[in-house]
$ cat protein18.cif   # mmCIF, C-alpha atoms and all ligand atoms
data_query
#
loop_
_atom_site.group_PDB
_atom_site.id
_atom_site.type_symbol
_atom_site.label_atom_id
_atom_site.label_comp_id
_atom_site.auth_asym_id
_atom_site.auth_seq_id
_atom_site.Cartn_x
_atom_site.Cartn_y
_atom_site.Cartn_z
ATOM 1 C CA MET R 1251 165.447 73.773 111.881
ATOM 2 C CA GLU R 1252 163.596 70.501 111.737
ATOM 3 C CA ARG R 1253 160.367 71.433 113.525
ATOM 4 C CA GLU R 1254 160.102 74.536 111.420
ATOM 5 C CA PHE R 1255 160.794 72.623 108.209
ATOM 6 C CA LEU R 1256 158.264 70.004 109.219
ATOM 7 C CA ARG R 1257 155.607 72.686 109.761
ATOM 8 C CA TRP R 1258 156.363 74.119 106.309
ATOM 9 C CA LEU R 1259 156.281 70.655 104.759
ATOM 10 C CA ARG R 1260 152.962 69.750 106.350
ATOM 11 C CA GLY R 1261 151.435 72.853 104.810
ATOM 12 C CA ARG R 1262 152.658 71.868 101.345
ATOM 13 C CA LEU R 1263 151.874 68.176 101.116
ATOM 14 C CA PRO R 1264 148.386 67.420 99.839
ATOM 15 C CA GLY R 1265 146.382 64.993 101.983
ATOM 16 C CA ASP R 1266 145.680 61.486 100.775
ATOM 17 C CA PRO R 1267 142.732 59.403 102.014
ATOM 18 C CA ARG R 1268 145.044 56.380 102.303
ATOM 19 C CA LEU R 1269 147.348 58.314 104.638
ATOM 20 C CA ILE R 1270 145.701 57.764 108.035
ATOM 21 C CA VAL R 1271 148.533 59.373 110.026
ATOM 22 C CA PRO R 1272 150.390 62.079 108.058
ATOM 23 C CA PRO R 1273 153.922 63.405 108.713
ATOM 24 C CA GLY R 1274 154.523 64.797 112.201
ATOM 25 C CA ASP R 1275 154.012 61.689 114.322
ATOM 26 C CA ASP R 1276 156.566 59.032 115.291
ATOM 27 C CA ALA R 1277 155.556 57.120 112.165
ATOM 28 C CA ALA R 1278 153.103 57.426 109.306
ATOM 29 C CA VAL R 1279 150.143 55.069 108.939
ATOM 30 C CA LEU R 1280 148.957 53.953 105.498
ATOM 31 C CA ARG R 1281 145.729 52.083 104.828
ATOM 32 C CA LEU R 1282 146.374 49.436 102.195
ATOM 33 C CA GLY R 1283 143.682 46.995 101.144
ATOM 34 C CA GLY R 1284 141.796 47.491 104.401
ATOM 35 C CA SER R 1285 144.811 47.016 106.707
ATOM 36 C CA ASP R 1286 146.975 49.683 108.287
ATOM 37 C CA VAL R 1287 150.745 49.691 107.840
ATOM 38 C CA VAL R 1288 152.936 51.785 110.142
ATOM 39 C CA VAL R 1289 156.043 53.217 108.429
ATOM 40 C CA THR R 1290 159.006 55.094 109.855
ATOM 41 C CA VAL R 1291 162.454 56.091 108.568
ATOM 42 C CA ASP R 1292 165.581 57.397 110.265
ATOM 43 C CA LEU R 1293 168.945 58.598 109.021
ATOM 44 C CA LEU R 1294 172.260 58.277 110.865
ATOM 45 C CA THR R 1295 175.331 60.146 109.635
ATOM 46 C CA GLU R 1296 178.968 59.748 110.633
ATOM 47 C CA GLY R 1297 180.139 62.862 112.436
ATOM 48 C CA VAL R 1298 176.593 63.771 113.516
ATOM 49 C CA ASP R 1299 175.211 60.658 115.174
ATOM 50 C CA PHE R 1300 178.362 58.597 115.712
ATOM 51 C CA LEU R 1301 182.100 58.450 115.002
ATOM 52 C CA LEU R 1302 183.478 55.346 113.321
ATOM 53 C CA ALA R 1303 186.809 55.975 115.044
ATOM 54 C CA GLN R 1304 185.065 55.633 118.424
ATOM 55 C CA HIS R 1305 182.105 53.362 117.892
ATOM 56 C CA ASP R 1306 182.021 49.717 116.868
ATOM 57 C CA PRO R 1307 180.150 49.499 113.535
ATOM 58 C CA ARG R 1308 178.040 46.664 114.937
ATOM 59 C CA LYS R 1309 176.757 49.086 117.565
ATOM 60 C CA ILE R 1310 176.000 51.641 114.850
ATOM 61 C CA GLY R 1311 174.068 49.046 112.848
ATOM 62 C CA ARG R 1312 172.143 47.994 115.926
ATOM 63 C CA LYS R 1313 171.286 51.587 116.784
ATOM 64 C CA ALA R 1314 170.093 52.375 113.249
ATOM 65 C CA LEU R 1315 167.505 49.613 113.595
ATOM 66 C CA ALA R 1316 166.754 50.238 117.287
ATOM 67 C CA VAL R 1317 165.743 53.891 116.778
ATOM 68 C CA ASN R 1318 163.180 52.760 114.198
ATOM 69 C CA LEU R 1319 161.864 50.064 116.528
ATOM 70 C CA SER R 1320 161.510 52.758 119.177
ATOM 71 C CA ASP R 1321 159.345 54.814 116.796
ATOM 72 C CA LEU R 1322 157.194 51.736 116.130
ATOM 73 C CA ALA R 1323 156.898 51.320 119.922
ATOM 74 C CA ALA R 1324 155.760 54.948 120.183
ATOM 75 C CA MET R 1325 152.906 54.045 117.801
ATOM 76 C CA ALA R 1326 152.219 50.853 119.830
ATOM 77 C CA ALA R 1327 152.905 48.931 116.617
ATOM 78 C CA ARG R 1328 154.229 45.410 116.073
ATOM 79 C CA PRO R 1329 157.406 45.312 113.938
ATOM 80 C CA LEU R 1330 157.157 43.598 110.545
ATOM 81 C CA ALA R 1331 160.115 44.409 108.289
ATOM 82 C CA ALA R 1332 162.982 46.797 107.661
ATOM 83 C CA PHE R 1333 164.805 48.144 104.607
ATOM 84 C CA VAL R 1334 168.373 49.340 104.929
ATOM 85 C CA ALA R 1335 170.025 51.951 102.699
ATOM 86 C CA VAL R 1336 173.689 52.697 103.201
ATOM 87 C CA ALA R 1337 176.349 54.923 101.608
ATOM 88 C CA LEU R 1338 179.700 53.382 102.532
ATOM 89 C CA PRO R 1339 183.109 55.037 102.492
ATOM 90 C CA ARG R 1340 185.052 53.280 99.700
ATOM 91 C CA ASP R 1341 187.866 52.134 101.972
ATOM 92 C CA GLY R 1342 186.855 48.885 103.702
ATOM 93 C CA ALA R 1343 183.285 49.114 102.439
ATOM 94 C CA ARG R 1344 182.565 45.379 102.412
ATOM 95 C CA GLU R 1345 183.798 44.726 105.976
ATOM 96 C CA LEU R 1346 181.878 47.741 107.236
ATOM 97 C CA ALA R 1347 178.652 46.609 105.552
ATOM 98 C CA GLU R 1348 179.019 43.152 107.098
ATOM 99 C CA SER R 1349 179.589 44.603 110.570
ATOM 100 C CA LEU R 1350 176.567 46.911 110.292
ATOM 101 C CA LEU R 1351 174.370 43.941 109.366
ATOM 102 C CA ALA R 1352 175.885 41.806 112.143
ATOM 103 C CA GLY R 1353 174.762 44.510 114.590
ATOM 104 C CA MET R 1354 171.221 44.568 113.225
ATOM 105 C CA GLN R 1355 170.513 40.855 112.967
ATOM 106 C CA PRO R 1356 170.194 39.907 116.667
ATOM 107 C CA LEU R 1357 167.800 42.811 117.259
ATOM 108 C CA ALA R 1358 165.751 41.936 114.168
ATOM 109 C CA GLU R 1359 165.489 38.355 115.433
ATOM 110 C CA GLU R 1360 164.570 39.447 118.946
ATOM 111 C CA PHE R 1361 161.669 41.531 117.640
ATOM 112 C CA GLY R 1362 160.519 39.202 114.850
ATOM 113 C CA LEU R 1363 161.381 41.698 112.137
ATOM 114 C CA ALA R 1364 162.461 40.668 108.620
ATOM 115 C CA ILE R 1365 165.306 42.575 107.001
ATOM 116 C CA ALA R 1366 163.528 42.692 103.676
ATOM 117 C CA GLY R 1367 165.818 44.646 101.391
ATOM 118 C CA GLY R 1368 167.769 47.809 100.857
ATOM 119 C CA ASP R 1369 170.477 49.430 98.797
ATOM 120 C CA THR R 1370 174.206 50.014 99.128
ATOM 121 C CA ASN R 1371 176.513 52.536 97.491
ATOM 122 C CA THR R 1372 180.168 53.350 97.987
ATOM 123 C CA TRP R 1373 181.485 56.898 97.771
ATOM 124 C CA ASP R 1374 184.200 59.252 98.978
ATOM 125 C CA GLY R 1375 182.021 60.651 101.754
ATOM 126 C CA PRO R 1376 181.355 59.454 105.315
ATOM 127 C CA LEU R 1377 179.122 56.565 106.346
ATOM 128 C CA VAL R 1378 175.431 57.392 105.975
ATOM 129 C CA LEU R 1379 172.899 54.811 107.073
ATOM 130 C CA SER R 1380 169.126 54.914 106.752
ATOM 131 C CA VAL R 1381 166.643 52.321 107.962
ATOM 132 C CA THR R 1382 162.956 52.234 107.052
ATOM 133 C CA ALA R 1383 160.813 50.053 109.304
ATOM 134 C CA LEU R 1384 157.298 48.744 108.766
ATOM 135 C CA GLY R 1385 154.898 47.596 111.444
ATOM 136 C CA GLU R 1386 151.262 46.752 112.048
ATOM 137 C CA PRO R 1387 149.066 48.434 114.655
ATOM 138 C CA GLY R 1388 148.972 46.634 118.014
ATOM 139 C CA PRO R 1389 145.911 45.820 120.165
ATOM 140 C CA GLY R 1390 144.675 49.403 120.667
ATOM 141 C CA GLY R 1391 145.268 50.598 117.089
ATOM 142 C CA SER R 1392 147.899 53.185 116.148
ATOM 143 C CA LEU R 1393 148.890 55.323 119.115
ATOM 144 C CA ARG R 1394 149.234 58.937 118.033
ATOM 145 C CA ARG R 1395 150.722 62.084 119.509
ATOM 146 C CA ASN R 1396 147.520 64.075 119.237
ATOM 147 C CA GLY R 1397 145.267 62.288 121.730
ATOM 148 C CA ALA R 1398 146.308 63.940 125.026
ATOM 149 C CA ARG R 1399 143.625 66.006 126.805
ATOM 150 C CA PRO R 1400 143.940 68.577 129.607
ATOM 151 C CA GLY R 1401 143.635 66.654 132.866
ATOM 152 C CA ASP R 1402 145.381 63.563 131.462
ATOM 153 C CA VAL R 1403 148.390 62.265 133.346
ATOM 154 C CA LEU R 1404 151.847 62.150 131.726
ATOM 155 C CA MET R 1405 153.377 58.732 132.388
ATOM 156 C CA ALA R 1406 156.936 57.631 131.602
ATOM 157 C CA THR R 1407 158.669 54.274 131.333
ATOM 158 C CA GLY R 1408 162.151 53.791 132.787
ATOM 159 C CA SER R 1409 164.542 56.615 133.682
ATOM 160 C CA PHE R 1410 166.213 59.545 131.940
ATOM 161 C CA GLY R 1411 169.544 61.266 131.275
ATOM 162 C CA GLY R 1412 173.172 60.345 130.678
ATOM 163 C CA SER R 1413 172.487 58.334 127.512
ATOM 164 C CA ILE R 1414 175.779 59.494 125.995
ATOM 165 C CA LEU R 1415 177.689 57.205 128.367
ATOM 166 C CA ALA R 1416 176.215 53.968 126.960
ATOM 167 C CA HIS R 1417 172.424 53.904 126.726
ATOM 168 C CA GLN R 1418 172.288 55.651 123.302
ATOM 169 C CA PHE R 1419 173.770 52.473 121.805
ATOM 170 C CA ASP R 1420 172.642 49.658 124.072
ATOM 171 C CA PHE R 1421 169.010 50.572 124.778
ATOM 172 C CA THR R 1422 166.243 48.069 124.149
ATOM 173 C CA PRO R 1423 163.372 49.679 122.247
ATOM 174 C CA ARG R 1424 160.154 49.608 124.284
ATOM 175 C CA VAL R 1425 158.200 47.554 121.753
ATOM 176 C CA ARG R 1426 157.082 44.809 124.141
ATOM 177 C CA GLU R 1427 156.197 47.360 126.824
ATOM 178 C CA ALA R 1428 154.110 49.433 124.405
ATOM 179 C CA LEU R 1429 152.191 46.396 123.155
ATOM 180 C CA LEU R 1430 151.531 45.150 126.672
ATOM 181 C CA LEU R 1431 150.296 48.565 127.837
ATOM 182 C CA ALA R 1432 148.129 48.981 124.730
ATOM 183 C CA GLU R 1433 146.527 45.634 125.423
ATOM 184 C CA ARG R 1434 145.767 46.326 129.079
ATOM 185 C CA TYR R 1435 144.948 50.030 129.212
ATOM 186 C CA PRO R 1436 143.312 52.722 127.084
ATOM 187 C CA LEU R 1437 146.193 54.993 126.000
ATOM 188 C CA GLY R 1438 145.469 58.546 124.858
ATOM 189 C CA ALA R 1439 148.748 59.511 123.186
ATOM 190 C CA GLY R 1440 152.370 58.427 123.015
ATOM 191 C CA ILE R 1441 155.855 59.436 121.900
ATOM 192 C CA ASP R 1442 159.342 57.983 122.365
ATOM 193 C CA VAL R 1443 162.017 60.214 123.876
ATOM 194 C CA SER R 1444 164.688 60.887 121.276
ATOM 195 C CA ASP R 1445 165.200 64.672 121.499
ATOM 196 C CA GLY R 1446 164.849 64.952 125.281
ATOM 197 C CA LEU R 1447 162.223 64.388 127.963
ATOM 198 C CA ALA R 1448 161.146 68.035 128.246
ATOM 199 C CA ILE R 1449 161.003 68.785 124.540
ATOM 200 C CA ASP R 1450 159.337 65.501 123.611
ATOM 201 C CA ALA R 1451 156.705 66.056 126.326
ATOM 202 C CA LEU R 1452 156.129 69.446 124.706
ATOM 203 C CA HIS R 1453 155.857 67.819 121.255
ATOM 204 C CA LEU R 1454 153.144 65.529 122.630
ATOM 205 C CA ALA R 1455 151.261 68.504 124.094
ATOM 206 C CA GLU R 1456 151.627 70.642 120.945
ATOM 207 C CA GLU R 1457 150.285 67.913 118.687
ATOM 208 C CA SER R 1458 147.367 67.498 121.093
ATOM 209 C CA GLY R 1459 146.616 71.234 121.161
ATOM 210 C CA CYS R 1460 147.269 71.648 124.888
ATOM 211 C CA GLY R 1461 150.145 72.218 127.319
ATOM 212 C CA VAL R 1462 152.036 69.994 129.718
ATOM 213 C CA ALA R 1463 153.249 70.594 133.271
ATOM 214 C CA LEU R 1464 156.132 68.469 134.561
ATOM 215 C CA ASP R 1465 156.436 67.567 138.219
ATOM 216 C CA LEU R 1466 160.230 67.819 138.392
ATOM 217 C CA ALA R 1467 160.468 66.094 141.769
ATOM 218 C CA ARG R 1468 159.041 62.933 140.223
ATOM 219 C CA VAL R 1469 161.232 62.693 137.107
ATOM 220 C CA PRO R 1470 163.079 59.347 137.294
ATOM 221 C CA ILE R 1471 166.785 60.043 136.926
ATOM 222 C CA ALA R 1472 169.077 57.403 135.389
ATOM 223 C CA PRO R 1473 172.259 56.428 137.285
ATOM 224 C CA ASP R 1474 174.317 57.654 134.290
ATOM 225 C CA ALA R 1475 172.752 61.119 134.640
ATOM 226 C CA GLU R 1476 173.919 61.186 138.278
ATOM 227 C CA ARG R 1477 177.352 60.043 137.151
ATOM 228 C CA LEU R 1478 177.641 62.761 134.490
ATOM 229 C CA ALA R 1479 176.531 65.449 136.938
ATOM 230 C CA PHE R 1480 179.078 64.224 139.487
ATOM 231 C CA GLU R 1481 181.995 63.932 137.041
ATOM 232 C CA LYS R 1482 181.273 67.133 135.082
ATOM 233 C CA PRO R 1483 179.377 69.532 137.331
ATOM 234 C CA ALA R 1484 179.611 72.311 134.720
ATOM 235 C CA GLY R 1485 177.398 70.229 132.417
ATOM 236 C CA GLY R 1486 174.404 70.634 134.717
ATOM 237 C CA THR R 1487 172.625 68.720 137.448
ATOM 238 C CA ALA R 1488 171.395 65.154 137.109
ATOM 239 C CA LEU R 1489 167.889 66.576 136.624
ATOM 240 C CA ASP R 1490 169.165 68.833 133.808
ATOM 241 C CA HIS R 1491 170.540 65.733 132.099
ATOM 242 C CA ALA R 1492 167.282 63.847 132.627
ATOM 243 C CA LEU R 1493 165.246 66.678 131.114
ATOM 244 C CA GLY R 1494 167.496 67.515 128.206
ATOM 245 C CA ASP R 1495 169.947 64.821 127.143
ATOM 246 C CA GLY R 1496 167.689 62.867 124.800
ATOM 247 C CA GLU R 1497 168.228 59.430 123.259
ATOM 248 C CA ASP R 1498 166.617 57.784 126.279
ATOM 249 C CA PHE R 1499 164.198 55.969 123.973
ATOM 250 C CA GLU R 1500 161.706 55.643 126.804
ATOM 251 C CA LEU R 1501 157.980 56.123 126.240
ATOM 252 C CA LEU R 1502 155.889 59.104 127.325
ATOM 253 C CA LEU R 1503 152.163 58.379 127.487
ATOM 254 C CA ALA R 1504 149.046 60.417 128.096
ATOM 255 C CA VAL R 1505 146.373 58.545 130.024
ATOM 256 C CA ALA R 1506 143.217 59.423 131.965
ATOM 257 C CA PRO R 1507 143.778 59.814 135.743
ATOM 258 C CA GLU R 1508 141.951 56.578 136.624
ATOM 259 C CA VAL R 1509 144.088 54.683 134.084
ATOM 260 C CA ALA R 1510 147.240 56.213 135.579
ATOM 261 C CA ARG R 1511 146.141 55.047 139.035
ATOM 262 C CA ARG R 1512 145.706 51.494 137.782
ATOM 263 C CA MET R 1513 149.078 51.547 136.022
ATOM 264 C CA LEU R 1514 150.807 52.828 139.161
ATOM 265 C CA ASP R 1515 149.129 50.190 141.350
ATOM 266 C CA GLU R 1516 149.766 47.323 138.967
ATOM 267 C CA GLN R 1517 153.242 48.278 137.638
ATOM 268 C CA PRO R 1518 152.667 45.853 134.745
ATOM 269 C CA LEU R 1519 156.175 46.216 133.246
ATOM 270 C CA GLY R 1520 157.956 44.448 136.102
ATOM 271 C CA ALA R 1521 161.524 45.740 136.360
ATOM 272 C CA THR R 1522 160.748 48.758 134.182
ATOM 273 C CA PRO R 1523 158.983 51.327 136.370
ATOM 274 C CA LEU R 1524 156.029 53.374 135.184
ATOM 275 C CA THR R 1525 156.081 56.820 136.774
ATOM 276 C CA GLU R 1526 153.632 59.717 136.824
ATOM 277 C CA ILE R 1527 155.698 62.781 135.908
ATOM 278 C CA GLY R 1528 153.167 65.459 135.064
ATOM 279 C CA ARG R 1529 149.783 66.582 133.807
ATOM 280 C CA PHE R 1530 148.405 67.918 130.575
ATOM 281 C CA VAL R 1531 146.894 71.380 131.008
ATOM 282 C CA ASP R 1532 144.766 73.824 129.012
ATOM 283 C CA ALA R 1533 147.483 76.481 128.727
ATOM 284 C CA PRO R 1534 149.738 75.736 125.711
ATOM 285 C CA GLY R 1535 153.456 75.326 126.388
ATOM 286 C CA LEU R 1536 155.820 73.618 128.794
ATOM 287 C CA TRP R 1537 155.330 74.212 132.513
ATOM 288 C CA GLN R 1538 156.528 72.958 135.806
ATOM 289 C CA LEU R 1539 154.109 72.066 138.528
ATOM 290 C CA ARG R 1540 155.261 73.442 141.870
ATOM 291 C CA GLN R 1541 153.068 73.466 144.975
ATOM 292 C CA GLY R 1542 149.995 73.317 142.799
ATOM 293 C CA ALA R 1543 151.032 76.318 140.646
ATOM 294 C CA LEU R 1544 152.317 76.436 137.044
ATOM 295 C CA THR R 1545 155.561 78.219 136.167
ATOM 296 C CA ALA R 1546 157.088 78.342 132.686
ATOM 297 C CA LEU R 1547 159.861 75.846 131.917
ATOM 298 C CA ALA R 1548 162.346 76.343 129.073
ATOM 299 C CA PRO R 1549 162.458 73.259 126.851
ATOM 300 C CA ARG R 1550 165.818 71.550 126.843
ATOM 301 C CA GLY R 1551 166.961 69.098 124.239
ATOM 302 C CA TRP R 1552 168.307 68.941 120.771
ATOM 303 C CA GLU R 1553 166.322 68.710 117.588
ATOM 304 C CA HIS R 1554 168.388 66.851 115.066
ATOM 305 C CA ARG R 1555 165.987 64.691 113.200
ATOM 306 C CA ALA R 1556 162.558 64.700 111.674
ATOM 307 C CA SER R 1557 159.981 62.502 113.291
ATOM 308 C CA SER R 1558 158.929 59.996 110.715
HETATM 309 MG MG MG R 1601 160.018 59.181 117.811
#

$ encode --input "protein18.cif" --output "structure tokens"
Amino acid sequence: MEREFLRWLRGRLPGDPRLIVPPGDDAAVLRLGGSDVVVTVDLLTEGVDFLLAQHDPRKIGRKALAVNLSDLAAMAARPLAAFVAVALPRDGARELAESLLAGMQPLAEEFGLAIAGGDTNTWDGPLVLSVTALGEPGPGGSLRRNGARPGDVLMATGSFGGSILAHQFDFTPRVREALLLAERYPLGAGIDVSDGLAIDALHLAEESGCGVALDLARVPIAPDAERLAFEKPAGGTALDHALGDGEDFELLLAVAPEVARRMLDEQPLGATPLTEIGRFVDAPGLWQLRQGALTALAPRGWEHRASS
């Protein structure tokens, strides 16, 4: 529903010269008094994104902020501030609000982000939590989704799949990695993986007006994806999990082949590997690259939230 709604929305909203990056990217970019401000918002709802009966509210608070930081990373932006809006179930509202904040604060400190304000309500409904984060463009300017070109290499940070076991709550947003890469290399386009590796690669290609071919043999598979595949074989292979699970919050980047070669040689992120996992191609859509030939690949992943 969301991609379709977003397409409809983009056709209805008038442009504004101050809006440098309009809806449809990981964040919007506004030009204010000569400087660019990167803005992103996310909404987490009990029963959809988490269950209070199962998940520590501090983890929920942390995640609400972390997903926004991940969107700032996808824009290669430096975090500045966040605003937190929360609708609290009446019962135990105060304790819950304190726990949510306790989960956010260490992450805000780690990334030099000010929690600058917000709003709280209590009601008879479930917990609903929305964070809006502001950032400033990093060294290479705002990294968009629309800059990939056929022939560019698709690069990925880290590994994929199995996030439901732990990673969806304890991931570290790739802010430092994005800023370091933007400083050292020309980056064509970027996105963070929230919906799933395959579908987010397709989003990057679609926004760039081209297609993308994944080299499935090179997709880095997370140990938790292997574990899920082993424990619940009916749920798919480890590769299925890597392609479709989502909430990996890794970065996908489009770079020119010579830039990819340098990145692969230098591995500038230390313990976090950078891997070449595919190529952008002229033919629109999602493909797999097998023995030099393209075959169609069905996108896997869930679309549960708008992008910015
Ligand atoms: Mg995103």

$ resolve_selection --input "protein18.cif" --expression "the PyMOL selection byres (((not hetatm)) within 6 of (chain R and resi 1601))" --output "MDAnalysis selection string"
chainID R and resid 1276 1321 1441:1442 1557

$ resolve_selection --input "protein18.cif" --expression "the PyMOL selection byres (((chain R and resi 1306) around 12) and not hetatm)" --output "ChimeraX atom specification"
/R:1300-1305,1307-1313,1346,1349-1350,1352-1353,1419-1420

$ resolve_selection --input "protein18.cif" --expression "the PyMOL selection byres (((chain R and resi 1316) around 12) and not hetatm)" --output "MDAnalysis selection string"
chainID R and resid 1290:1294 1309:1315 1317:1323 1329 1332 1353:1358 1360:1361 1363 1380:1383 1417:1425 1442 1444 1497:1499

$ atom_distance --input "protein18.cif" --atom1 "atom CA of Leu1544 of chain R" --atom2 "atom CA of Glu1457 of chain R"
20.3 Å

$ atom_distance --input "protein18.cif" --atom1 "atom CA of Arg1434 of chain R" --atom2 "atom CA of Ala1324 of chain R"
15.9 Å

$ atom_distance --input "protein18.cif" --atom1 "atom CA of Ala1475 of chain R" --atom2 "atom CA of Asp1299 of chain R"
19.6 Å

$ closest_residue --input "protein18.cif" --among "R:Pro1389, R:Gly1411, R:Gly1535, R:Gly1401" --to "Ala1428 of chain R" --atoms "only C-alpha atoms"
R:Pro1389

$ closest_atom_pairs --input "protein18.cif" --of "segment 1408-1456 of chain R" --to "segment 1504-1527 of chain R" --cutoff "10 Å" --atoms "all atoms listed in the file" --output "JSON lines"
{"residue": "R:Gly1408", "atom": "CA", "partner": "R:Pro1523", "partner_atom": "CA", "distance": 5.4}
{"residue": "R:Ser1409", "atom": "CA", "partner": "R:Pro1523", "partner_atom": "CA", "distance": 8.1}
{"residue": "R:Arg1424", "atom": "CA", "partner": "R:Thr1522", "partner_atom": "CA", "distance": 10.0}
{"residue": "R:Arg1426", "atom": "CA", "partner": "R:Leu1519", "partner_atom": "CA", "distance": 9.3}
{"residue": "R:Glu1427", "atom": "CA", "partner": "R:Leu1519", "partner_atom": "CA", "distance": 6.5}
{"residue": "R:Ala1428", "atom": "CA", "partner": "R:Leu1519", "partner_atom": "CA", "distance": 9.6}
{"residue": "R:Leu1430", "atom": "CA", "partner": "R:Leu1519", "partner_atom": "CA", "distance": 8.1}
{"residue": "R:Leu1431", "atom": "CA", "partner": "R:Pro1518", "partner_atom": "CA", "distance": 7.8}
{"residue": "R:Arg1434", "atom": "CA", "partner": "R:Pro1518", "partner_atom": "CA", "distance": 8.9}
{"residue": "R:Tyr1435", "atom": "CA", "partner": "R:Val1509", "partner_atom": "CA", "distance": 6.8}
{"residue": "R:Pro1436", "atom": "CA", "partner": "R:Val1505", "partner_atom": "CA", "distance": 7.2}
{"residue": "R:Leu1437", "atom": "CA", "partner": "R:Val1505", "partner_atom": "CA", "distance": 5.4}
{"residue": "R:Gly1438", "atom": "CA", "partner": "R:Ala1504", "partner_atom": "CA", "distance": 5.2}
{"residue": "R:Ala1439", "atom": "CA", "partner": "R:Ala1504", "partner_atom": "CA", "distance": 5.0}
{"residue": "R:Gly1440", "atom": "CA", "partner": "R:Ala1504", "partner_atom": "CA", "distance": 6.4}
{"residue": "R:Ile1441", "atom": "CA", "partner": "R:Ala1504", "partner_atom": "CA", "distance": 9.3}
{"residue": "R:Ala1451", "atom": "CA", "partner": "R:Ala1504", "partner_atom": "CA", "distance": 9.7}
{"residue": "R:Leu1454", "atom": "CA", "partner": "R:Ala1504", "partner_atom": "CA", "distance": 8.5}
{"residue": "R:Ala1455", "atom": "CA", "partner": "R:Ala1504", "partner_atom": "CA", "distance": 9.3}

$ closest_residue --input "protein18.cif" --among "R:Leu1536, R:Leu1259, R:Leu1489, R:Leu1502" --to "Met1405 of chain R" --atoms "all atoms listed in the file"
R:Leu1502

$ residues_around --input "protein18.cif" --residues "Val1271 of chain R" --least-positions-apart "3" --cutoff "12 Å" --atoms "only C-alpha atoms" --output "list in words"
Arg1260, Gly1265, Asp1266, Pro1267, Arg1268, Gly1274, Asp1275, Asp1276, Ala1277, Ala1278, Val1279, Leu1280, Arg1281, Asp1286, Val1287, Val1288, Val1289, Thr1290, Met1325, Pro1387, Gly1391, Ser1392, Leu1393, Arg1394, Arg1395, Asn1396 and Ser1558 of chain R

$ closest_residue --input "protein18.cif" --among "R:Pro1339, R:Asp1445, R:Leu1452, R:Gly1412" --to "Asp1490 of chain R" --atoms "all atoms listed in the file"
R:Gly1412

$ closest_residue --input "protein18.cif" --among "R:Leu1478, R:Leu1539, R:Leu1503, R:Leu1256" --to "Leu1464 of chain R" --atoms "all atoms listed in the file"
R:Leu1539

$ residues_around --input "protein18.cif" --residues "Trp1373 of chain R" --least-positions-apart "6" --cutoff "12 Å" --atoms "all atoms listed in the file" --output "count of residues only"
8

$ residues_around --input "protein18.cif" --residues "Gly1461 of chain R" --least-positions-apart "4" --cutoff "6 Å" --atoms "only C-alpha atoms" --output "list in words"
Ala1455, Phe1530, Val1531, Asp1532, Ala1533, Pro1534 and Gly1535 of chain R

$ closest_residue --input "protein18.cif" --among "R:Leu1466, R:Phe1480, R:Pro1273, R:Ala1416" --to "Gln1541 of chain R" --atoms "all atoms listed in the file"
R:Leu1466
